[in-house]
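Below is one structure, written out as structure tokens; the observations come after it.
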Amino acid sequence: MQSSSMKRDISETHDTLRFGINAGVKADLATPHPLQSTIQSETKFWADKKKFGTDAIYGSALNIRKDLDAQILSRFQRPPGALPSSLLGYEALTGSLDDFGFEDYLNMPQDSDSFRQPDMHHGMEVRLGLSKGPICPSFN
């Protein structure tokens with residue numbers, strides 16, 4: 001669903017074991033599948049259309065308020081540990097609670113044989129910038 005959230009410099013050498021084979025600059029820019037770009041553009045089109053409608057009915061203050069709430073709720077996350085962050089407030093605000101895709105029940109890392117329990121201390125060090133690497137080796 002999402003690629004590595006760590007920032008990488010262009011001059012930095014690529015660590016294949018940590019970031020995978022396809023994690024270069026080209027992989028970050030290109031979409032993995034042509035259908036995915038169509039879905040993203042359609043989603044953006046309908047979001048812009050809905051934003052235009054609410055702007056015409058309620059004024060621009062409501063859209064500004066919604067954008068600020070979305071920014072705040074998208075940053076809120078649970079500390080790394082046994083329970084992953086669900087971003088429930090953000091999903092309720094955007095209306096994506098009703099969307100139930102295959103990624104919600106297939107290929108869950110907890111069901112894998114190679115799943116390792118995340119180290120909470122290392123996860124906080126990565127989040128604070130004191131250490132490098134993924135928060136949990138299982139969630140690359």
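Every chain in the structure tokens has a letter given in the order shown (A, B, ...), and although residue numbers restart at 1 in each chain, ligands are simply numbered from 1 in the order shown.
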
Who sits within 12 Å of range 38-49 of chain A, only C-alpha atoms, same chain under 4 positions skipped, as number ranges by chain: A: 31-34, 53-56, 63, 67, 94-96

Could the residues in this selection be saved with C-alpha atoms as a PDB file, in the first residue's frame?
ATOM      1  CA  THR A  31       3.109   3.898 -10.406  1.00  0.00           C
ATOM      2  CA  PRO A  32       3.374   0.115 -10.192  1.00  0.00           C
ATOM      3  CA  HIS A  33       0.407  -0.544 -12.487  1.00  0.00           C
ATOM      4  CA  PRO A  34      -1.431   1.519 -15.156  1.00  0.00           C
ATOM      5  CA  GLY A  53     -19.814  21.567  -4.455  1.00  0.00           C
ATOM      6  CA  THR A  54     -19.250  22.177  -0.751  1.00  0.00           C
ATOM      7  CA  ASP A  55     -17.469  25.410  -1.613  1.00  0.00           C
ATOM      8  CA  ALA A  56     -20.479  26.601  -3.605  1.00  0.00           C
ATOM      9  CA  ASN A  63     -13.141  23.200   2.917  1.00  0.00           C
ATOM     10  CA  ASP A  67      -8.225  20.248   5.043  1.00  0.00           C
ATOM     11  CA  THR A  94     -12.515  11.002   4.461  1.00  0.00           C
ATOM     12  CA  GLY A  95     -15.299   8.424   4.334  1.00  0.00           C
ATOM     13  CA  SER A  96     -12.978   5.518   3.622  1.00  0.00           C
TER      14      SER A  96
END

Any chance you could list, as an MDAnalysis selection string, the residues in range 46-115 of chain A that come up alpha helix (DSSP H) when DSSP is run on the backbone? chainID A and resid 46:58 60:75 88:94

Take the selection from the previous step and output its residues with N, CA and C atoms, as a compact mmCIF listing (two decimals), in the first residue's frame.
# COMPACT_ATOMS: atom_id res chain seq x y z
N TRP A 46 -13.15 13.09 -8.36
CA TRP A 46 -14.36 13.14 -7.56
C TRP A 46 -14.16 13.92 -6.27
N ALA A 47 -12.97 13.89 -5.69
CA ALA A 47 -12.70 14.69 -4.49
C ALA A 47 -12.74 16.18 -4.83
N ASP A 48 -12.17 16.56 -5.98
CA ASP A 48 -12.21 17.97 -6.40
C ASP A 48 -13.65 18.41 -6.70
N LYS A 49 -14.42 17.53 -7.30
CA LYS A 49 -15.81 17.86 -7.62
C LYS A 49 -16.62 18.04 -6.33
N LYS A 50 -16.39 17.17 -5.35
CA LYS A 50 -17.10 17.28 -4.08
C LYS A 50 -16.68 18.55 -3.34
N LYS A 51 -15.37 18.87 -3.42
CA LYS A 51 -14.87 20.08 -2.78
C LYS A 51 -15.47 21.33 -3.42
N PHE A 52 -15.62 21.32 -4.74
CA PHE A 52 -16.24 22.45 -5.45
C PHE A 52 -17.69 22.62 -5.04
N GLY A 53 -18.41 21.50 -4.87
CA GLY A 53 -19.81 21.57 -4.46
C GLY A 53 -19.98 22.11 -3.05
N THR A 54 -19.16 21.66 -2.12
CA THR A 54 -19.25 22.18 -0.75
C THR A 54 -18.81 23.63 -0.68
N ASP A 55 -17.89 24.01 -1.55
CA ASP A 55 -17.47 25.41 -1.61
C ASP A 55 -18.61 26.30 -2.10
N ALA A 56 -19.37 25.81 -3.08
CA ALA A 56 -20.48 26.60 -3.60
C ALA A 56 -21.64 26.69 -2.61
N ILE A 57 -21.85 25.61 -1.83
CA ILE A 57 -22.99 25.60 -0.91
C ILE A 57 -22.66 26.26 0.43
N TYR A 58 -21.55 25.87 1.04
CA TYR A 58 -21.24 26.31 2.41
C TYR A 58 -20.17 27.38 2.49
N SER A 60 -15.97 28.71 1.44
CA SER A 60 -14.62 28.15 1.44
C SER A 60 -14.12 27.80 2.84
N ALA A 61 -14.74 28.34 3.88
CA ALA A 61 -14.27 28.08 5.24
C ALA A 61 -14.42 26.59 5.60
N LEU A 62 -15.47 25.94 5.12
CA LEU A 62 -15.66 24.53 5.43
C LEU A 62 -14.58 23.67 4.81
N ASN A 63 -14.22 23.97 3.56
CA ASN A 63 -13.14 23.20 2.92
C ASN A 63 -11.80 23.42 3.61
N ILE A 64 -11.54 24.64 4.02
CA ILE A 64 -10.29 24.92 4.74
C ILE A 64 -10.28 24.16 6.06
N ARG A 65 -11.40 24.15 6.75
CA ARG A 65 -11.49 23.43 8.03
C ARG A 65 -11.30 21.93 7.83
N LYS A 66 -11.91 21.38 6.78
CA LYS A 66 -11.75 19.96 6.48
C LYS A 66 -10.30 19.62 6.15
N ASP A 67 -9.63 20.48 5.38
CA ASP A 67 -8.22 20.25 5.04
C ASP A 67 -7.35 20.27 6.29
N LEU A 68 -7.60 21.21 7.19
CA LEU A 68 -6.81 21.27 8.42
C LEU A 68 -7.06 20.05 9.29
N ASP A 69 -8.32 19.63 9.40
CA ASP A 69 -8.63 18.43 10.18
C ASP A 69 -7.98 17.19 9.57
N ALA A 70 -7.97 17.11 8.25
CA ALA A 70 -7.34 15.97 7.58
C ALA A 70 -5.84 15.95 7.82
N GLN A 71 -5.20 17.12 7.81
CA GLN A 71 -3.76 17.18 8.08
C GLN A 71 -3.45 16.74 9.50
N ILE A 72 -4.26 17.17 10.46
CA ILE A 72 -4.03 16.81 11.86
C ILE A 72 -4.26 15.32 12.07
N LEU A 73 -5.37 14.80 11.54
CA LEU A 73 -5.71 13.40 11.77
C LEU A 73 -4.82 12.43 11.00
N SER A 74 -4.23 12.87 9.88
CA SER A 74 -3.35 11.97 9.14
C SER A 74 -1.99 11.82 9.80
N ARG A 75 -1.62 12.76 10.66
CA ARG A 75 -0.33 12.67 11.35
C ARG A 75 -0.41 11.88 12.65
N LEU A 88 -8.15 5.86 12.52
CA LEU A 88 -9.61 5.77 12.49
C LEU A 88 -10.26 7.13 12.28
N GLY A 89 -9.74 8.17 12.92
CA GLY A 89 -10.31 9.51 12.75
C GLY A 89 -10.19 10.00 11.32
N TYR A 90 -9.05 9.77 10.71
CA TYR A 90 -8.83 10.19 9.32
C TYR A 90 -9.74 9.41 8.37
N GLU A 91 -9.89 8.11 8.62
CA GLU A 91 -10.77 7.31 7.78
C GLU A 91 -12.22 7.74 7.92
N ALA A 92 -12.63 8.14 9.12
CA ALA A 92 -13.99 8.62 9.31
C ALA A 92 -14.20 9.96 8.62
N LEU A 93 -13.19 10.82 8.64
CA LEU A 93 -13.30 12.13 8.00
C LEU A 93 -13.36 12.01 6.49
N THR A 94 -12.55 11.13 5.91
CA THR A 94 -12.52 11.00 4.46
C THR A 94 -13.60 10.08 3.92

The distance between CA of Pro134 in chain A and CA of Ser86 in chain A is 18.3 Å

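Going from CA of Gln117 in chain A to CA of Gly101 in chain A covers 25.2 Å.
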